[in-house]
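Peer 1: So here's start18.cif, just mmCIF, C-alpha atoms:
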data_data
loop_
_atom_site.group_PDB
_atom_site.id
_atom_site.type_symbol
_atom_site.label_atom_id
_atom_site.label_comp_id
_atom_site.auth_asym_id
_atom_site.auth_seq_id
_atom_site.Cartn_x
_atom_site.Cartn_y
_atom_site.Cartn_z
ATOM 1 C CA GLN A 169 2.948 27.299 16.384
ATOM 2 C CA THR A 170 0.847 27.004 13.239
ATOM 3 C CA TRP A 171 3.960 26.789 11.052
ATOM 4 C CA GLY A 172 5.229 23.926 13.170
ATOM 5 C CA ALA A 173 1.933 22.117 12.707
ATOM 6 C CA LYS A 174 2.020 22.756 8.966
ATOM 7 C CA LEU A 175 5.573 21.453 8.832
ATOM 8 C CA GLN A 176 4.579 18.272 10.647
ATOM 9 C CA GLU A 177 1.582 17.857 8.361
ATOM 10 C CA ALA A 178 3.794 18.350 5.296
ATOM 11 C CA ARG A 179 6.278 15.796 6.618
ATOM 12 C CA GLU A 180 3.476 13.272 7.166
ATOM 13 C CA GLU A 181 2.168 13.850 3.626
ATOM 14 C CA TYR A 182 5.694 13.452 2.283
ATOM 15 C CA LYS A 183 6.029 10.083 4.014
ATOM 16 C CA GLN A 184 2.858 8.895 2.279
ATOM 17 C CA LEU A 185 4.012 9.894 -1.198
ATOM 18 C CA PRO A 186 4.965 7.086 -3.572
ATOM 19 C CA LEU A 187 8.431 8.508 -4.145
ATOM 20 C CA ASP A 188 9.308 5.942 -6.790
ATOM 21 C CA ILE A 189 6.509 7.320 -8.957
ATOM 22 C CA VAL A 190 7.591 10.908 -8.279
ATOM 23 C CA LYS A 191 11.141 10.038 -9.370
ATOM 24 C CA ASP A 192 9.790 8.453 -12.544
ATOM 25 C CA LEU A 193 7.698 11.555 -13.261
ATOM 26 C CA ARG A 194 10.697 13.820 -12.740
ATOM 27 C CA ALA A 195 12.812 11.672 -15.027
ATOM 28 C CA ALA A 196 10.098 11.657 -17.701
ATOM 29 C CA GLN A 197 9.701 15.441 -17.505
ATOM 30 C CA GLY A 198 13.451 15.986 -17.478
ATOM 31 C CA ASP A 199 13.142 17.943 -14.237
ATOM 32 C CA SER A 200 16.539 19.406 -13.427
ATOM 33 C CA ASN A 201 17.573 22.693 -11.888
ATOM 34 C CA ASP A 202 14.808 24.654 -13.613
ATOM 35 C CA THR A 203 12.804 24.998 -10.394
ATOM 36 C CA GLY A 204 14.344 28.308 -9.384
ATOM 37 C CA ILE A 205 16.422 26.884 -6.548
ATOM 38 C CA ASP A 206 20.149 26.329 -6.811
ATOM 39 C CA THR A 207 21.761 23.022 -5.915
ATOM 40 C CA MET A 208 22.499 24.119 -2.342
ATOM 41 C CA GLY A 209 18.890 25.195 -1.936
ATOM 42 C CA GLN A 210 17.689 21.851 -3.215
ATOM 43 C CA GLU A 211 19.921 20.030 -0.767
ATOM 44 C CA LEU A 212 18.634 22.169 2.110
ATOM 45 C CA ALA A 213 15.059 21.584 0.963
ATOM 46 C CA ARG A 214 15.524 17.812 0.909
ATOM 47 C CA ARG A 215 17.038 17.816 4.381
ATOM 48 C CA ALA A 216 14.328 20.148 5.714
ATOM 49 C CA ILE A 217 11.713 17.585 4.735
ATOM 50 C CA SER A 218 12.977 15.081 7.268
ATOM 51 C CA THR A 219 14.755 17.171 9.928
ATOM 52 C CA ASP A 220 14.948 20.705 11.270
ATOM 53 C CA LEU A 221 17.713 22.844 9.803
ATOM 54 C CA GLN A 222 20.457 24.422 11.892
ATOM 55 C CA GLU A 223 20.536 28.184 12.457
ATOM 56 C CA ASP A 224 23.436 28.793 10.036
ATOM 57 C CA GLU A 225 21.641 26.775 7.347
ATOM 58 C CA LEU A 226 18.498 28.824 7.838
ATOM 59 C CA LYS A 227 20.484 32.028 7.237
ATOM 60 C CA GLN A 228 21.405 30.753 3.769
ATOM 61 C CA VAL A 229 17.751 30.513 2.764
ATOM 62 C CA GLU A 230 16.206 33.363 0.769
ATOM 63 C CA LYS A 231 12.633 34.015 1.890
ATOM 64 C CA ALA A 232 11.446 35.096 -1.570
ATOM 65 C CA ASP A 233 12.797 31.891 -3.111
ATOM 66 C CA ILE A 234 11.104 29.798 -0.465
ATOM 67 C CA ASP A 235 7.766 31.590 -0.907
ATOM 68 C CA ALA A 236 7.903 31.077 -4.674
ATOM 69 C CA ARG A 237 8.895 27.448 -4.246
ATOM 70 C CA MET A 238 6.092 26.860 -1.719
ATOM 71 C CA LEU A 239 3.509 28.264 -4.123
ATOM 72 C CA THR A 240 4.834 26.068 -6.909
ATOM 73 C CA LEU A 241 4.883 22.974 -4.725
ATOM 74 C CA GLU A 242 1.398 23.616 -3.316
ATOM 75 C CA GLN A 243 0.067 23.849 -6.863
ATOM 76 C CA ASN A 244 1.918 20.656 -7.797
ATOM 77 C CA VAL A 245 0.541 18.838 -4.757
ATOM 78 C CA LYS A 246 -3.000 19.907 -5.669
ATOM 79 C CA ASN A 247 -2.441 18.567 -9.149
ATOM 80 C CA LEU A 248 -0.865 15.323 -7.920
ATOM 81 C CA LYS A 249 -3.402 14.321 -5.295
ATOM 82 C CA PRO A 250 -6.011 12.987 -7.746
ATOM 83 C CA ASN A 251 -3.247 11.214 -9.642
ATOM 84 C CA LEU A 252 -1.957 9.582 -6.480
ATOM 85 C CA THR A 253 -5.425 8.274 -5.738
ATOM 86 C CA SER A 254 -5.838 6.912 -9.231
ATOM 87 C CA ILE A 255 -2.381 5.329 -9.064
ATOM 88 C CA GLU A 256 -3.350 3.543 -5.860
ATOM 89 C CA GLU A 257 -6.596 2.389 -7.491
ATOM 90 C CA PHE A 258 -4.605 1.169 -10.490
ATOM 91 C CA ARG A 259 -2.281 -0.822 -8.247
ATOM 92 C CA LYS A 260 -5.258 -2.487 -6.563
ATOM 93 C CA ALA A 261 -6.903 -3.229 -9.908
ATOM 94 C CA ASP A 262 -3.619 -4.528 -11.327
ATOM 95 C CA SER A 263 -3.159 -6.801 -8.331
ATOM 96 C CA GLU A 264 -6.698 -8.130 -8.697
ATOM 97 C CA HIS A 265 -6.149 -8.602 -12.443
ATOM 98 C CA LYS A 266 -3.002 -10.622 -11.832
ATOM 99 C CA THR A 267 -4.818 -12.774 -9.276
ATOM 100 C CA ARG A 268 -7.721 -13.408 -11.622
ATOM 101 C CA LEU A 269 -5.377 -14.044 -14.530
ATOM 102 C CA SER A 270 -3.544 -16.740 -12.581
ATOM 103 C CA GLU A 271 -6.907 -18.289 -11.618
ATOM 104 C CA TYR A 272 -7.966 -18.197 -15.275
ATOM 105 C CA GLU A 273 -4.748 -19.809 -16.419
ATOM 106 C CA GLY A 274 -5.197 -22.595 -13.873
ATOM 107 C CA VAL A 275 -8.790 -23.246 -14.911
ATOM 108 C CA ASN A 276 -7.899 -22.988 -18.587
ATOM 109 C CA SER A 277 -5.118 -25.558 -18.241
ATOM 110 C CA GLN A 278 -7.558 -27.916 -16.462
ATOM 111 C CA ARG A 279 -10.036 -27.420 -19.307
ATOM 112 C CA GLU A 280 -7.371 -28.162 -21.911
ATOM 113 C CA GLU A 281 -6.317 -31.290 -20.018
ATOM 114 C CA SER A 282 -9.944 -32.456 -19.856
ATOM 115 C CA ARG A 283 -10.307 -31.734 -23.560
ATOM 116 C CA ARG A 284 -7.225 -33.867 -24.339
ATOM 117 C CA LYS A 285 -8.589 -36.715 -22.182
ATOM 118 C CA LEU A 286 -11.956 -36.508 -23.951
ATOM 119 C CA GLU A 287 -10.276 -36.655 -27.346
ATOM 120 C CA ALA A 288 -8.178 -39.631 -26.228
ATOM 121 C CA LEU A 289 -11.330 -41.433 -25.015
ATOM 122 C CA ARG A 290 -13.087 -40.728 -28.329
ATOM 123 C CA GLN A 291 -10.117 -42.125 -30.218
ATOM 124 C CA GLN A 292 -10.040 -45.202 -27.953
ATOM 125 C CA ARG A 293 -13.793 -45.731 -28.468
ATOM 126 C CA LEU A 294 -13.381 -45.492 -32.238
ATOM 127 C CA GLU A 295 -10.493 -47.979 -32.217
ATOM 128 C CA GLU A 296 -12.422 -50.437 -30.047
ATOM 129 C CA PHE A 297 -15.481 -50.070 -32.270
ATOM 130 C CA MET A 298 -13.405 -50.704 -35.381
ATOM 131 C CA ASP A 299 -11.786 -53.765 -33.760
ATOM 132 C CA GLY A 300 -15.249 -55.101 -32.873
ATOM 133 C CA PHE A 301 -16.576 -54.293 -36.305
ATOM 134 C CA SER A 302 -13.649 -56.102 -37.937
ATOM 135 C CA VAL A 303 -14.292 -59.204 -35.786
ATOM 136 C CA ILE A 304 -18.000 -59.194 -36.679
ATOM 137 C CA SER A 305 -17.277 -58.578 -40.383
ATOM 138 C CA MET A 306 -14.898 -61.525 -40.625
ATOM 139 C CA LYS A 307 -17.441 -64.016 -39.349
#
I'd like the structure from this file rewritten - as structure tokens, please.
Peer 2:
Amino acid sequence: QTWGAKLQEAREEYKQLPLDIVKDLRAAQGDSNDTGIDTMGQELARRAISTDLQEDELKQVEKADIDARMLTLEQNVKNLKPNLTSIEEFRKADSEHKTRLSEYEGVNSQREESRRKLEALRQQRLEEFMDGFSVISMK
């Protein structure tokens, strides 16, 4: 009964994992078959995450390998949990940064447009002053 509950809990945690990040981490670390489980064991492990294994598949599993793998994975999960939280915080901060950056760019373009209009008005004022000055000077 308790193992069934732990399995359900593990499956729920697995669903919440950002698997794209996990794949990137594995690729960066060059994680291949150095985990102590052969290819068949890895395939069974991946299927066991989402569904229950059949009786003949369970007979293929070595208990010692599973215990060692569970200890390794539990340690990895403990190490990953703070990172997952910080990754989520980074995503929120990045989203907010992008929002604020777009707001800044909009305001900055308005400021530049106002600056160009001001410069054009100054130039127009100077030209009108010079025209008026020329008219007064010629009299």
Peer 1: One number please: atom CA of A:Thr253 to atom CA of A:Glu211, in Å, one decimal.
Peer 2: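 Distance between the two atoms: 28.4 Å.
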Peer 1: Counting all atoms listed in the file, figure out which residue out of A:Lys183, A:Ala216, A:Ile255, A:Ala173 gets nearest to A:Val229.
Peer 2: A:Ala216
Peer 1: Go through the shown structure with the PyMOL selection byres ((chain A and resi 222-227) around 12) and write out the matching residues as a list in words.
Peer 2: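 Against this file, the PyMOL selection byres ((chain A and resi 222-227) around 12) returns the residues Met208, Gly209, Glu211, Leu212, Ala213, Arg215, Ala216, Thr219, Asp220, Leu221, Gln228, Val229, Glu230, Lys231 and Ile234 of chain A.
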Peer 1: What gap, in Å, lies between atom CA of A:Lys174 and atom CA of A:Leu239?
Peer 2: 14.3 Å
Peer 1: So, with all atoms listed in the file as the atoms that count, which of A:Asn244, A:Gln278, A:Thr170, A:Ser218 lies closest to A:Tyr182?
Peer 2: A:Ser218
Peer 1: As an exercise, work out the distance from atom CA of A:Arg214 to atom CA of A:Arg237 in Å and give it to one decimal place.
Peer 2: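 Between atom CA of A:Arg214 and atom CA of A:Arg237 the gap works out to 12.8 Å.
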Peer 1: The centre and edge lengths of an axis-aligned box containing all atoms of stretch 257-274 of chain A present in the file, extended by 3 Å on each side, are to be given in Å to one decimal, as lines of an AutoDock Vina configuration file.
Peer 2:
center_x = -5.1
center_y = -10.1
center_z = -11.5
size_x = 11.7
size_y = 31.0
size_z = 15.9
